[in-house]
file my_file02.cif (mmCIF, C-alpha atoms and all ligand atoms)
data_structure
#
loop_
_atom_site.group_PDB
_atom_site.id
_atom_site.type_symbol
_atom_site.label_atom_id
_atom_site.label_comp_id
_atom_site.auth_asym_id
_atom_site.auth_seq_id
_atom_site.Cartn_x
_atom_site.Cartn_y
_atom_site.Cartn_z
ATOM 1 C CA MET A 5 -23.604 -28.091 -87.872
ATOM 2 C CA TYR A 6 -22.396 -24.704 -86.743
ATOM 3 C CA SER A 7 -19.285 -23.635 -84.942
ATOM 4 C CA TYR A 8 -18.951 -20.138 -83.733
ATOM 5 C CA PRO A 9 -16.063 -18.662 -81.752
ATOM 6 C CA TYR A 10 -13.020 -17.147 -83.340
ATOM 7 C CA LEU A 11 -14.895 -15.951 -86.393
ATOM 8 C CA PRO A 12 -12.631 -14.571 -89.082
ATOM 9 C CA PHE A 13 -12.475 -10.782 -89.031
ATOM 10 C CA PRO A 14 -14.338 -10.171 -92.307
ATOM 11 C CA ILE A 15 -17.335 -11.921 -90.752
ATOM 12 C CA MET A 16 -16.874 -9.888 -87.564
ATOM 13 C CA GLN A 17 -17.355 -6.689 -89.499
ATOM 14 C CA ARG A 18 -20.836 -7.747 -90.465
ATOM 15 C CA LEU A 19 -22.063 -8.275 -86.903
ATOM 16 C CA SER A 20 -24.887 -5.997 -85.809
ATOM 17 C CA LEU A 21 -27.469 -5.605 -83.077
ATOM 18 C CA SER A 22 -29.740 -7.911 -85.056
ATOM 19 C CA THR A 23 -27.124 -10.658 -85.417
ATOM 20 C CA THR A 24 -28.207 -13.956 -83.928
ATOM 21 C CA LYS A 25 -26.424 -17.157 -83.048
ATOM 22 C CA LYS A 26 -27.950 -20.493 -83.894
ATOM 23 C CA LEU A 27 -28.412 -22.679 -80.815
ATOM 24 C CA ASN A 28 -27.906 -26.449 -80.966
ATOM 25 C CA ASN A 29 -31.621 -26.974 -81.708
ATOM 26 C CA GLY A 30 -31.694 -24.435 -84.543
ATOM 27 C CA ILE A 31 -33.281 -21.593 -82.545
ATOM 28 C CA GLU A 32 -31.704 -18.172 -83.090
ATOM 29 C CA ILE A 33 -30.654 -16.038 -80.131
ATOM 30 C CA PRO A 34 -29.568 -12.389 -80.521
ATOM 31 C CA ILE A 35 -25.901 -12.044 -79.526
ATOM 32 C CA LEU A 36 -26.563 -8.921 -77.440
ATOM 33 C CA GLY A 37 -29.354 -8.743 -74.881
ATOM 34 C CA LEU A 38 -30.415 -6.575 -71.969
ATOM 35 C CA GLY A 39 -30.001 -8.096 -68.496
ATOM 36 C CA VAL A 40 -32.514 -6.885 -65.912
ATOM 37 C CA TRP A 41 -31.056 -8.142 -62.640
ATOM 38 C CA GLN A 42 -31.369 -5.566 -59.836
ATOM 39 C CA MET A 43 -33.926 -3.505 -61.703
ATOM 40 C CA ALA A 44 -36.953 -2.696 -59.608
ATOM 41 C CA ARG A 45 -40.202 -4.179 -60.826
ATOM 42 C CA GLY A 46 -42.467 -1.539 -62.383
ATOM 43 C CA GLN A 47 -41.264 1.703 -63.884
ATOM 44 C CA GLU A 48 -37.505 1.028 -63.813
ATOM 45 C CA THR A 49 -37.714 -2.313 -65.596
ATOM 46 C CA GLU A 50 -40.473 -1.253 -67.964
ATOM 47 C CA GLU A 51 -38.603 1.865 -69.038
ATOM 48 C CA ALA A 52 -35.334 -0.017 -69.529
ATOM 49 C CA VAL A 53 -36.951 -2.745 -71.627
ATOM 50 C CA ARG A 54 -38.918 -0.182 -73.644
ATOM 51 C CA ARG A 55 -35.756 1.806 -74.283
ATOM 52 C CA ALA A 56 -33.805 -1.324 -75.242
ATOM 53 C CA LEU A 57 -36.477 -2.378 -77.746
ATOM 54 C CA GLU A 58 -36.513 1.125 -79.236
ATOM 55 C CA VAL A 59 -32.730 1.020 -79.641
ATOM 56 C CA GLY A 60 -33.010 -2.336 -81.401
ATOM 57 C CA TYR A 61 -32.273 -4.939 -78.737
ATOM 58 C CA ARG A 62 -34.371 -8.051 -79.304
ATOM 59 C CA HIS A 63 -33.266 -10.107 -76.320
ATOM 60 C CA ILE A 64 -34.122 -9.671 -72.630
ATOM 61 C CA ASP A 65 -32.693 -11.761 -69.799
ATOM 62 C CA THR A 66 -34.794 -12.008 -66.640
ATOM 63 C CA ALA A 67 -35.382 -14.597 -63.905
ATOM 64 C CA LYS A 68 -37.918 -15.473 -61.261
ATOM 65 C CA LEU A 69 -35.316 -14.308 -58.736
ATOM 66 C CA TYR A 70 -35.229 -10.795 -60.209
ATOM 67 C CA ARG A 71 -38.942 -10.301 -59.385
ATOM 68 C CA ASN A 72 -39.522 -8.262 -62.512
ATOM 69 C CA GLU A 73 -40.886 -10.782 -65.017
ATOM 70 C CA GLU A 74 -44.266 -8.963 -65.089
ATOM 71 C CA SER A 75 -42.586 -5.697 -66.006
ATOM 72 C CA VAL A 76 -40.540 -7.314 -68.757
ATOM 73 C CA GLY A 77 -43.680 -8.901 -70.201
ATOM 74 C CA LYS A 78 -45.653 -5.675 -69.959
ATOM 75 C CA ALA A 79 -43.017 -3.655 -71.807
ATOM 76 C CA VAL A 80 -42.788 -6.288 -74.557
ATOM 77 C CA LEU A 81 -46.570 -6.514 -74.905
ATOM 78 C CA GLU A 82 -46.928 -2.747 -75.087
ATOM 79 C CA SER A 83 -44.233 -2.417 -77.730
ATOM 80 C CA PRO A 84 -45.263 -2.416 -81.389
ATOM 81 C CA LEU A 85 -43.115 -5.498 -81.984
ATOM 82 C CA PRO A 86 -44.633 -8.899 -82.614
ATOM 83 C CA ARG A 87 -43.970 -11.289 -79.713
ATOM 84 C CA GLU A 88 -41.848 -13.549 -81.871
ATOM 85 C CA ASP A 89 -39.396 -10.742 -82.599
ATOM 86 C CA VAL A 90 -38.205 -10.624 -78.984
ATOM 87 C CA PHE A 91 -36.176 -13.388 -77.360
ATOM 88 C CA ILE A 92 -37.063 -13.822 -73.684
ATOM 89 C CA THR A 93 -35.047 -15.808 -71.174
ATOM 90 C CA THR A 94 -36.200 -16.584 -67.662
ATOM 91 C CA LYS A 95 -34.849 -18.946 -65.022
ATOM 92 C CA LEU A 96 -35.870 -21.520 -62.467
ATOM 93 C CA TRP A 97 -34.699 -20.664 -58.959
ATOM 94 C CA SER A 98 -33.291 -23.451 -56.775
ATOM 95 C CA THR A 99 -36.059 -23.345 -54.160
ATOM 96 C CA ASP A 100 -38.510 -24.287 -56.910
ATOM 97 C CA ALA A 101 -36.614 -27.410 -57.904
ATOM 98 C CA PHE A 102 -39.272 -29.601 -56.275
ATOM 99 C CA ASP A 103 -41.999 -28.044 -58.462
ATOM 100 C CA VAL A 104 -40.553 -27.105 -61.817
ATOM 101 C CA GLU A 105 -43.889 -27.224 -63.599
ATOM 102 C CA GLY A 106 -45.511 -24.895 -61.061
ATOM 103 C CA ALA A 107 -42.585 -22.461 -61.071
ATOM 104 C CA PHE A 108 -42.530 -22.376 -64.852
ATOM 105 C CA ALA A 109 -46.303 -21.808 -64.995
ATOM 106 C CA THR A 110 -45.929 -18.858 -62.616
ATOM 107 C CA SER A 111 -43.115 -17.324 -64.679
ATOM 108 C CA LEU A 112 -45.125 -17.824 -67.844
ATOM 109 C CA GLN A 113 -48.157 -16.208 -66.303
ATOM 110 C CA LYS A 114 -46.154 -13.259 -64.969
ATOM 111 C CA LEU A 115 -44.505 -12.670 -68.319
ATOM 112 C CA GLY A 116 -47.848 -13.005 -70.086
ATOM 113 C CA LEU A 117 -46.131 -13.720 -73.385
ATOM 114 C CA GLY A 118 -47.527 -17.160 -74.194
ATOM 115 C CA TYR A 119 -44.197 -18.978 -74.261
ATOM 116 C CA VAL A 120 -40.620 -18.547 -73.122
ATOM 117 C CA ASP A 121 -37.733 -18.609 -75.579
ATOM 118 C CA LEU A 122 -35.110 -19.929 -73.184
ATOM 119 C CA TYR A 123 -35.625 -21.442 -69.733
ATOM 120 C CA LEU A 124 -32.531 -21.943 -67.596
ATOM 121 C CA ILE A 125 -31.771 -23.726 -64.352
ATOM 122 C CA HIS A 126 -30.440 -20.646 -62.570
ATOM 123 C CA TRP A 127 -28.057 -22.509 -60.303
ATOM 124 C CA PRO A 128 -27.031 -26.192 -60.161
ATOM 125 C CA VAL A 129 -29.283 -28.287 -57.931
ATOM 126 C CA PRO A 130 -27.205 -31.441 -57.339
ATOM 127 C CA LEU A 131 -29.495 -32.765 -54.602
ATOM 128 C CA PHE A 132 -32.216 -33.275 -57.168
ATOM 129 C CA GLY A 133 -30.051 -35.388 -59.502
ATOM 130 C CA ASN A 134 -31.373 -35.405 -63.046
ATOM 131 C CA ARG A 135 -35.022 -34.832 -62.083
ATOM 132 C CA VAL A 136 -34.990 -31.096 -62.639
ATOM 133 C CA TRP A 137 -33.490 -31.383 -66.106
ATOM 134 C CA LYS A 138 -36.033 -34.069 -67.027
ATOM 135 C CA GLN A 139 -38.796 -31.644 -66.107
ATOM 136 C CA LEU A 140 -37.268 -28.942 -68.274
ATOM 137 C CA GLU A 141 -37.173 -31.480 -71.085
ATOM 138 C CA ARG A 142 -40.878 -32.067 -70.561
ATOM 139 C CA LEU A 143 -41.589 -28.321 -70.892
ATOM 140 C CA TYR A 144 -39.515 -28.337 -74.054
ATOM 141 C CA ASP A 145 -41.376 -31.354 -75.450
ATOM 142 C CA GLN A 146 -44.653 -29.583 -74.697
ATOM 143 C CA LYS A 147 -43.353 -26.616 -76.745
ATOM 144 C CA LEU A 148 -43.870 -24.200 -73.845
ATOM 145 C CA VAL A 149 -40.264 -23.180 -74.175
ATOM 146 C CA ARG A 150 -38.173 -23.014 -77.360
ATOM 147 C CA ALA A 151 -34.846 -23.910 -75.765
ATOM 148 C CA ILE A 152 -33.593 -25.086 -72.392
ATOM 149 C CA GLY A 153 -30.274 -24.595 -70.684
ATOM 150 C CA VAL A 154 -28.399 -24.033 -67.477
ATOM 151 C CA SER A 155 -26.539 -21.339 -65.619
ATOM 152 C CA ASN A 156 -23.543 -21.384 -63.300
ATOM 153 C CA TYR A 157 -22.658 -24.960 -64.230
ATOM 154 C CA ASN A 158 -18.986 -25.878 -64.194
ATOM 155 C CA VAL A 159 -17.447 -28.263 -66.708
ATOM 156 C CA SER A 160 -17.893 -31.387 -64.611
ATOM 157 C CA GLN A 161 -21.546 -30.517 -64.014
ATOM 158 C CA LEU A 162 -22.036 -30.036 -67.757
ATOM 159 C CA LYS A 163 -20.403 -33.406 -68.414
ATOM 160 C CA GLU A 164 -22.772 -35.099 -65.974
ATOM 161 C CA LEU A 165 -25.739 -33.381 -67.553
ATOM 162 C CA LEU A 166 -24.739 -34.329 -71.088
ATOM 163 C CA ALA A 167 -24.398 -37.941 -70.000
ATOM 164 C CA PHE A 168 -28.104 -38.306 -69.212
ATOM 165 C CA ALA A 169 -29.820 -35.521 -71.145
ATOM 166 C CA ASN A 170 -32.149 -36.427 -73.995
ATOM 167 C CA VAL A 171 -32.204 -32.764 -74.923
ATOM 168 C CA PRO A 172 -28.711 -31.303 -74.472
ATOM 169 C CA PRO A 173 -28.541 -27.842 -72.889
ATOM 170 C CA ALA A 174 -28.549 -25.123 -75.523
ATOM 171 C CA VAL A 175 -26.850 -22.585 -73.247
ATOM 172 C CA ASN A 176 -24.701 -22.248 -70.156
ATOM 173 C CA GLN A 177 -24.961 -18.748 -68.696
ATOM 174 C CA VAL A 178 -21.893 -17.946 -66.594
ATOM 175 C CA GLU A 179 -19.843 -14.982 -65.503
ATOM 176 C CA PHE A 180 -17.524 -14.223 -68.399
ATOM 177 C CA ASN A 181 -15.602 -11.055 -69.087
ATOM 178 C CA ALA A 182 -12.048 -9.978 -69.836
ATOM 179 C CA PHE A 183 -11.259 -9.921 -66.106
ATOM 180 C CA ASN A 184 -12.786 -13.349 -65.679
ATOM 181 C CA HIS A 185 -11.673 -15.108 -68.835
ATOM 182 C CA TYR A 186 -13.191 -18.534 -68.283
ATOM 183 C CA ARG A 187 -11.261 -20.255 -71.074
ATOM 184 C CA GLU A 188 -11.972 -23.791 -69.920
ATOM 185 C CA MET A 189 -15.716 -23.141 -70.123
ATOM 186 C CA LEU A 190 -15.526 -21.417 -73.491
ATOM 187 C CA ASP A 191 -13.538 -24.325 -74.927
ATOM 188 C CA TYR A 192 -15.845 -26.938 -73.442
ATOM 189 C CA CYS A 193 -19.005 -25.173 -74.595
ATOM 190 C CA THR A 194 -17.586 -24.691 -78.071
ATOM 191 C CA ALA A 195 -16.614 -28.338 -78.367
ATOM 192 C CA HIS A 196 -20.077 -29.485 -77.225
ATOM 193 C CA GLN A 197 -22.249 -26.996 -79.075
ATOM 194 C CA ILE A 198 -23.462 -25.250 -75.977
ATOM 195 C CA ALA A 199 -23.681 -21.479 -76.381
ATOM 196 C CA LEU A 200 -21.874 -19.546 -73.684
ATOM 197 C CA GLU A 201 -23.908 -16.623 -72.398
ATOM 198 C CA ALA A 202 -21.763 -14.061 -70.605
ATOM 199 C CA TYR A 203 -23.296 -12.530 -67.526
ATOM 200 C CA SER A 204 -21.656 -9.557 -65.798
ATOM 201 C CA PRO A 205 -19.925 -8.762 -69.119
ATOM 202 C CA LEU A 206 -19.213 -5.282 -67.740
ATOM 203 C CA THR A 207 -17.718 -6.660 -64.495
ATOM 204 C CA ARG A 208 -20.796 -5.186 -62.761
ATOM 205 C CA GLY A 209 -19.211 -1.827 -63.479
ATOM 206 C CA THR A 210 -16.259 -2.499 -61.147
ATOM 207 C CA GLN A 211 -13.401 -2.368 -63.692
ATOM 208 C CA LEU A 212 -14.639 0.331 -66.035
ATOM 209 C CA ASP A 213 -11.971 2.781 -64.862
ATOM 210 C CA ASP A 214 -9.145 0.377 -65.652
ATOM 211 C CA GLU A 215 -6.469 2.334 -67.537
ATOM 212 C CA ARG A 216 -5.769 -0.524 -69.936
ATOM 213 C CA LEU A 217 -9.410 -0.528 -71.049
ATOM 214 C CA VAL A 218 -9.457 3.228 -71.385
ATOM 215 C CA LYS A 219 -6.305 3.108 -73.513
ATOM 216 C CA ILE A 220 -7.583 0.322 -75.757
ATOM 217 C CA GLY A 221 -10.875 2.147 -76.190
ATOM 218 C CA MET A 222 -9.042 5.252 -77.359
ATOM 219 C CA HIS A 223 -7.733 3.319 -80.392
ATOM 220 C CA TYR A 224 -11.281 3.056 -81.650
ATOM 221 C CA GLY A 225 -12.966 6.104 -80.124
ATOM 222 C CA LYS A 226 -14.808 3.771 -77.748
ATOM 223 C CA ASN A 227 -15.276 3.599 -73.991
ATOM 224 C CA PRO A 228 -14.261 0.739 -71.630
ATOM 225 C CA ALA A 229 -17.776 -0.744 -71.688
ATOM 226 C CA HIS A 230 -17.614 -1.001 -75.490
ATOM 227 C CA VAL A 231 -14.234 -2.719 -75.286
ATOM 228 C CA LEU A 232 -15.475 -5.277 -72.756
ATOM 229 C CA LEU A 233 -18.650 -6.042 -74.695
ATOM 230 C CA ARG A 234 -16.849 -6.302 -78.011
ATOM 231 C CA TRP A 235 -14.355 -8.732 -76.461
ATOM 232 C CA VAL A 236 -17.232 -11.005 -75.346
ATOM 233 C CA ILE A 237 -18.880 -10.928 -78.758
ATOM 234 C CA GLU A 238 -15.593 -11.618 -80.547
ATOM 235 C CA LYS A 239 -15.186 -14.725 -78.384
ATOM 236 C CA GLY A 240 -18.402 -16.000 -79.954
ATOM 237 C CA ALA A 241 -20.288 -15.619 -76.659
ATOM 238 C CA ILE A 242 -23.608 -13.863 -76.056
ATOM 239 C CA ALA A 243 -23.490 -10.703 -73.919
ATOM 240 C CA ILE A 244 -26.324 -9.543 -71.663
ATOM 241 C CA PRO A 245 -25.172 -6.247 -70.105
ATOM 242 C CA LYS A 246 -27.477 -4.643 -67.568
ATOM 243 C CA SER A 247 -28.237 -0.958 -67.552
ATOM 244 C CA SER A 248 -31.285 0.920 -66.425
ATOM 245 C CA ASN A 249 -29.918 4.176 -67.751
ATOM 246 C CA ALA A 250 -31.430 5.172 -71.091
ATOM 247 C CA GLN A 251 -28.213 6.632 -72.433
ATOM 248 C CA ARG A 252 -26.060 3.675 -71.395
ATOM 249 C CA ILE A 253 -28.559 1.178 -72.835
ATOM 250 C CA GLY A 254 -28.053 2.921 -76.169
ATOM 251 C CA GLU A 255 -24.286 3.218 -75.771
ATOM 252 C CA ASN A 256 -23.854 -0.449 -74.934
ATOM 253 C CA ALA A 257 -25.275 -1.403 -78.314
ATOM 254 C CA ASP A 258 -22.722 0.721 -80.146
ATOM 255 C CA ILE A 259 -20.151 -2.055 -80.496
ATOM 256 C CA PHE A 260 -20.658 -3.143 -84.068
ATOM 257 C CA ASP A 261 -18.543 -0.620 -85.963
ATOM 258 C CA PHE A 262 -15.096 -1.667 -84.800
ATOM 259 C CA GLU A 263 -13.092 -4.801 -84.220
ATOM 260 C CA LEU A 264 -10.326 -5.431 -81.743
ATOM 261 C CA THR A 265 -6.824 -5.843 -83.136
ATOM 262 C CA LYS A 266 -4.893 -9.015 -82.349
ATOM 263 C CA GLU A 267 -2.705 -7.045 -79.961
ATOM 264 C CA ASP A 268 -5.654 -5.607 -78.045
ATOM 265 C CA THR A 269 -7.327 -9.008 -77.943
ATOM 266 C CA PHE A 270 -4.130 -10.474 -76.500
ATOM 267 C CA THR A 271 -4.022 -7.783 -73.805
ATOM 268 C CA LEU A 272 -7.668 -8.320 -72.912
ATOM 269 C CA ASP A 273 -7.285 -12.112 -72.928
ATOM 270 C CA ASN A 274 -4.596 -11.760 -70.299
ATOM 271 C CA LEU A 275 -5.855 -9.037 -67.994
HETATM 272 N N1 LIG B 1 -27.334 -16.385 -64.210
HETATM 273 C C1 LIG B 1 -26.836 -15.707 -63.193
HETATM 274 O O1 LIG B 1 -26.575 -16.259 -62.105
HETATM 275 C C2 LIG B 1 -26.580 -14.253 -63.355
HETATM 276 C C3 LIG B 1 -25.794 -13.565 -62.427
HETATM 277 C C4 LIG B 1 -25.563 -12.215 -62.643
HETATM 278 C C5 LIG B 1 -26.115 -11.565 -63.735
HETATM 279 N N2 LIG B 1 -26.898 -12.259 -64.605
HETATM 280 C C6 LIG B 1 -27.497 -11.598 -65.791
HETATM 281 O O2 LIG B 1 -26.509 -10.836 -66.471
HETATM 282 C C7 LIG B 1 -26.920 -9.471 -66.547
HETATM 283 C C8 LIG B 1 -25.729 -8.544 -66.528
HETATM 284 O O3 LIG B 1 -24.862 -8.796 -65.454
HETATM 285 P P1 LIG B 1 -24.723 -7.827 -64.187
HETATM 286 O O4 LIG B 1 -26.009 -7.097 -63.970
HETATM 287 O O5 LIG B 1 -24.189 -8.660 -63.090
HETATM 288 O O6 LIG B 1 -23.564 -6.825 -64.524
HETATM 289 P P2 LIG B 1 -22.988 -6.009 -65.783
HETATM 290 O O7 LIG B 1 -23.909 -6.015 -66.924
HETATM 291 O O8 LIG B 1 -21.592 -6.485 -65.955
HETATM 292 O O9 LIG B 1 -22.889 -4.539 -65.161
HETATM 293 C C9 LIG B 1 -24.003 -3.790 -64.801
HETATM 294 C C10 LIG B 1 -23.522 -2.542 -64.087
HETATM 295 O O10 LIG B 1 -22.762 -1.729 -64.973
HETATM 296 C C11 LIG B 1 -23.373 -0.434 -65.086
HETATM 297 N N3 LIG B 1 -23.264 -0.052 -66.502
HETATM 298 C C12 LIG B 1 -23.933 -0.559 -67.551
HETATM 299 N N4 LIG B 1 -23.521 -0.003 -68.700
HETATM 300 C C13 LIG B 1 -22.573 0.896 -68.380
HETATM 301 C C14 LIG B 1 -21.779 1.800 -69.128
HETATM 302 N N5 LIG B 1 -21.888 1.881 -70.448
HETATM 303 N N6 LIG B 1 -20.906 2.597 -68.451
HETATM 304 C C15 LIG B 1 -20.801 2.538 -67.111
HETATM 305 N N7 LIG B 1 -21.526 1.697 -66.344
HETATM 306 C C16 LIG B 1 -22.402 0.871 -66.978
HETATM 307 C C17 LIG B 1 -24.795 -0.608 -64.645
HETATM 308 O O11 LIG B 1 -25.295 0.570 -64.058
HETATM 309 P P3 LIG B 1 -26.561 1.369 -64.706
HETATM 310 O O12 LIG B 1 -27.724 0.441 -64.642
HETATM 311 O O13 LIG B 1 -26.707 2.531 -63.785
HETATM 312 O O14 LIG B 1 -26.175 1.744 -66.091
HETATM 313 C C18 LIG B 1 -24.645 -1.699 -63.573
HETATM 314 O O15 LIG B 1 -24.237 -1.123 -62.343
HETATM 315 C C19 LIG B 1 -27.866 -9.327 -65.344
HETATM 316 O O16 LIG B 1 -28.680 -8.193 -65.423
HETATM 317 C C20 LIG B 1 -28.612 -10.644 -65.429
HETATM 318 O O17 LIG B 1 -29.591 -10.581 -66.444
HETATM 319 C C21 LIG B 1 -27.111 -13.587 -64.453
#
call {"tool": "encode", "arguments": {"input": "my_file02.cif", "output": "structure tokens"}}
result
Amino acid sequence: MYSYPYLPFPIMQRLSLSTTKKLNNGIEIPILGLGVWQMARGQETEEAVRRALEVGYRHIDTAKLYRNEESVGKAVLESPLPREDVFITTKLWSTDAFDVEGAFATSLQKLGLGYVDLYLIHWPVPLFGNRVWKQLERLYDQKLVRAIGVSNYNVSQLKELLAFANVPPAVNQVEFNAFNHYREMLDYCTAHQIALEAYSPLTRGTQLDDERLVKIGMHYGKNPAHVLLRWVIEKGAIAIPKSSNAQRIGENADIFDFELTKEDTFTLDNL
């Protein structure tokens, strides 16, 4: 049985871009991934994924909604890496809740990678009761996907899901950053062995000029993006920053050679 947040600092120092977290079914997910929301299908997505893989990322987060699954798959297939070295997440969009099998088959075909590592319900679909989750469980039982989970669920929705799930969700992907410190979710996920995946870990770029971040970063010779990403990782969450800029994709992975002091963590916890 694993438990992950609030790792002692000596363990923190050993984190790296290849560090993974064990999900509740034993599957390993890299703690830093590249998010590809709002990247145009084709050259932009392909170049970003290619760059990320070259830098050492082994985790890409896409979705049917992002319309770039083909480009993600193409970049992975064209890379020299074996398929199993790259962790791929995609998501079921709400309008497909009536045909989960069909939507999954389309995503799988667009990715062209044979299987999906993590398939998420992108947004809660309460009108469909537990039917959608049951269909994800079927995909999991058929070994078409290595882990299943949800996104944008609140605590009461997770409780409902856990009450009927045969396969508990491995992940809840939610907005989580130092300006949106969703403590209740982190605590609930930790207590129930659901990994928290932090989307918009960089606040979509909106808070990167914040003076407090700049000042904290100066302690370590790091920039505000590094500070925000390191804070997520030190919470035991998984971070999936998006960048389509080659330099920033590289920079965002440069968060494994420092650790936040207790004082800086306290400041960030309470922004
Ligand atoms: N499940 C969901 O409902 C959901 C919702 C939102 C997002 N997500 C996932 O989470 C991923 C990340 O979240 P996000 O895209 O909302 O926002 P984010 O990662 O917090 O921020 C991305 C923005 O920050 C900029 N940026 C990246 N690195 C930077 C750096 N080092 N310095 C300055 N600016 C930087 C990017 O611009 P450049 O590209 O120009 O670098 C982009 O504008 C998404 O791509 C998606 O995979 C999931």
call {"tool": "closest_residue", "arguments": {"input": "my_file02.cif", "among": "A:His223, A:Lys95, A:Lys26, A:Lys147", "to": "ligand LIG 1 (chain B)", "atoms": "all atoms listed in the file"}}
result
A:Lys95
call {"tool": "resolve_selection", "arguments": {"input": "my_file02.cif", "expression": "the PyMOL selection byres (((chain A and resi 159) around 8) and not hetatm)", "output": "ChimeraX atom specification"}}
result
/A:157-158,160-163,188-189,192
call {"tool": "closest_residue", "arguments": {"input": "my_file02.cif", "among": "A:Gly30, A:Thr49, A:Leu217, A:Leu140", "to": "Ala199 (chain A)", "atoms": "all atoms listed in the file"}}
result
A:Gly30
call {"tool": "resolve_selection", "arguments": {"input": "my_file02.cif", "expression": "the PyMOL selection byres (((chain A and resi 249) around 12) and not hetatm)", "output": "PyMOL selection string"}}
result
chain A and resi 38+40+43+48-56+245-248+250-256
call {"tool": "resolve_selection", "arguments": {"input": "my_file02.cif", "expression": "the PyMOL selection byres (((chain A and resi 131-137) around 10) and not hetatm)", "output": "ChimeraX atom specification"}}
result
/A:96,98,100-105,124-125,128-130,138-143,152-154,164-165,168-173
call {"tool": "write_last_selection", "arguments": {"input": "my_file02.cif", "atoms": "C-alpha atoms", "output": "mmCIF file, in the frame of the given file"}}
result
data_model
loop_
_atom_site.group_PDB
_atom_site.id
_atom_site.type_symbol
_atom_site.label_atom_id
_atom_site.label_comp_id
_atom_site.auth_asym_id
_atom_site.auth_seq_id
_atom_site.Cartn_x
_atom_site.Cartn_y
_atom_site.Cartn_z
ATOM 1 C CA LEU A 96 -35.870 -21.520 -62.467
ATOM 2 C CA SER A 98 -33.291 -23.451 -56.775
ATOM 3 C CA ASP A 100 -38.510 -24.287 -56.910
ATOM 4 C CA ALA A 101 -36.614 -27.410 -57.904
ATOM 5 C CA PHE A 102 -39.272 -29.601 -56.275
ATOM 6 C CA ASP A 103 -41.999 -28.044 -58.462
ATOM 7 C CA VAL A 104 -40.553 -27.105 -61.817
ATOM 8 C CA GLU A 105 -43.889 -27.224 -63.599
ATOM 9 C CA LEU A 124 -32.531 -21.943 -67.596
ATOM 10 C CA ILE A 125 -31.771 -23.726 -64.352
ATOM 11 C CA PRO A 128 -27.031 -26.192 -60.161
ATOM 12 C CA VAL A 129 -29.283 -28.287 -57.931
ATOM 13 C CA PRO A 130 -27.205 -31.441 -57.339
ATOM 14 C CA LYS A 138 -36.033 -34.069 -67.027
ATOM 15 C CA GLN A 139 -38.796 -31.644 -66.107
ATOM 16 C CA LEU A 140 -37.268 -28.942 -68.274
ATOM 17 C CA GLU A 141 -37.173 -31.480 -71.085
ATOM 18 C CA ARG A 142 -40.878 -32.067 -70.561
ATOM 19 C CA LEU A 143 -41.589 -28.321 -70.892
ATOM 20 C CA ILE A 152 -33.593 -25.086 -72.392
ATOM 21 C CA GLY A 153 -30.274 -24.595 -70.684
ATOM 22 C CA VAL A 154 -28.399 -24.033 -67.477
ATOM 23 C CA GLU A 164 -22.772 -35.099 -65.974
ATOM 24 C CA LEU A 165 -25.739 -33.381 -67.553
ATOM 25 C CA PHE A 168 -28.104 -38.306 -69.212
ATOM 26 C CA ALA A 169 -29.820 -35.521 -71.145
ATOM 27 C CA ASN A 170 -32.149 -36.427 -73.995
ATOM 28 C CA VAL A 171 -32.204 -32.764 -74.923
ATOM 29 C CA PRO A 172 -28.711 -31.303 -74.472
ATOM 30 C CA PRO A 173 -28.541 -27.842 -72.889
#
call {"tool": "decode", "arguments": {"input": "my_file02.cif", "residues": "region 145-154 of chain A", "atoms": "N, CA and C atoms", "output": "mmCIF file, in the first residue's frame"}}
result
data_model
loop_
_atom_site.group_PDB
_atom_site.id
_atom_site.type_symbol
_atom_site.label_atom_id
_atom_site.label_comp_id
_atom_site.auth_asym_id
_atom_site.auth_seq_id
_atom_site.Cartn_x
_atom_site.Cartn_y
_atom_site.Cartn_z
ATOM 1 N N ASP A 145 -11.396 -3.855 -18.035
ATOM 2 C CA ASP A 145 -11.393 -5.321 -17.963
ATOM 3 C C ASP A 145 -10.902 -5.937 -19.273
ATOM 4 N N GLN A 146 -11.207 -5.233 -20.374
ATOM 5 C CA GLN A 146 -10.751 -5.752 -21.684
ATOM 6 C C GLN A 146 -9.281 -5.423 -21.955
ATOM 7 N N LYS A 147 -8.650 -4.746 -20.993
ATOM 8 C CA LYS A 147 -7.224 -4.380 -21.086
ATOM 9 C C LYS A 147 -6.927 -3.445 -22.272
ATOM 10 N N LEU A 148 -7.926 -2.632 -22.632
ATOM 11 C CA LEU A 148 -7.698 -1.628 -23.679
ATOM 12 C C LEU A 148 -7.102 -0.367 -23.068
ATOM 13 N N VAL A 149 -7.248 -0.268 -21.762
ATOM 14 C CA VAL A 149 -6.743 0.886 -21.048
ATOM 15 C C VAL A 149 -6.146 0.387 -19.732
ATOM 16 N N ARG A 150 -5.004 0.954 -19.340
ATOM 17 C CA ARG A 150 -4.292 0.421 -18.165
ATOM 18 C C ARG A 150 -4.810 0.971 -16.847
ATOM 19 N N ALA A 151 -5.464 2.139 -16.920
ATOM 20 C CA ALA A 151 -6.052 2.710 -15.699
ATOM 21 C C ALA A 151 -7.195 3.619 -16.109
ATOM 22 N N ILE A 152 -8.173 3.747 -15.218
ATOM 23 C CA ILE A 152 -9.314 4.620 -15.503
ATOM 24 C C ILE A 152 -9.491 5.607 -14.363
ATOM 25 N N GLY A 153 -10.045 6.763 -14.705
ATOM 26 C CA GLY A 153 -10.212 7.790 -13.681
ATOM 27 C C GLY A 153 -11.189 8.850 -14.142
ATOM 28 N N VAL A 154 -11.195 9.937 -13.401
ATOM 29 C CA VAL A 154 -12.164 11.001 -13.655
ATOM 30 C C VAL A 154 -11.455 12.347 -13.656
#
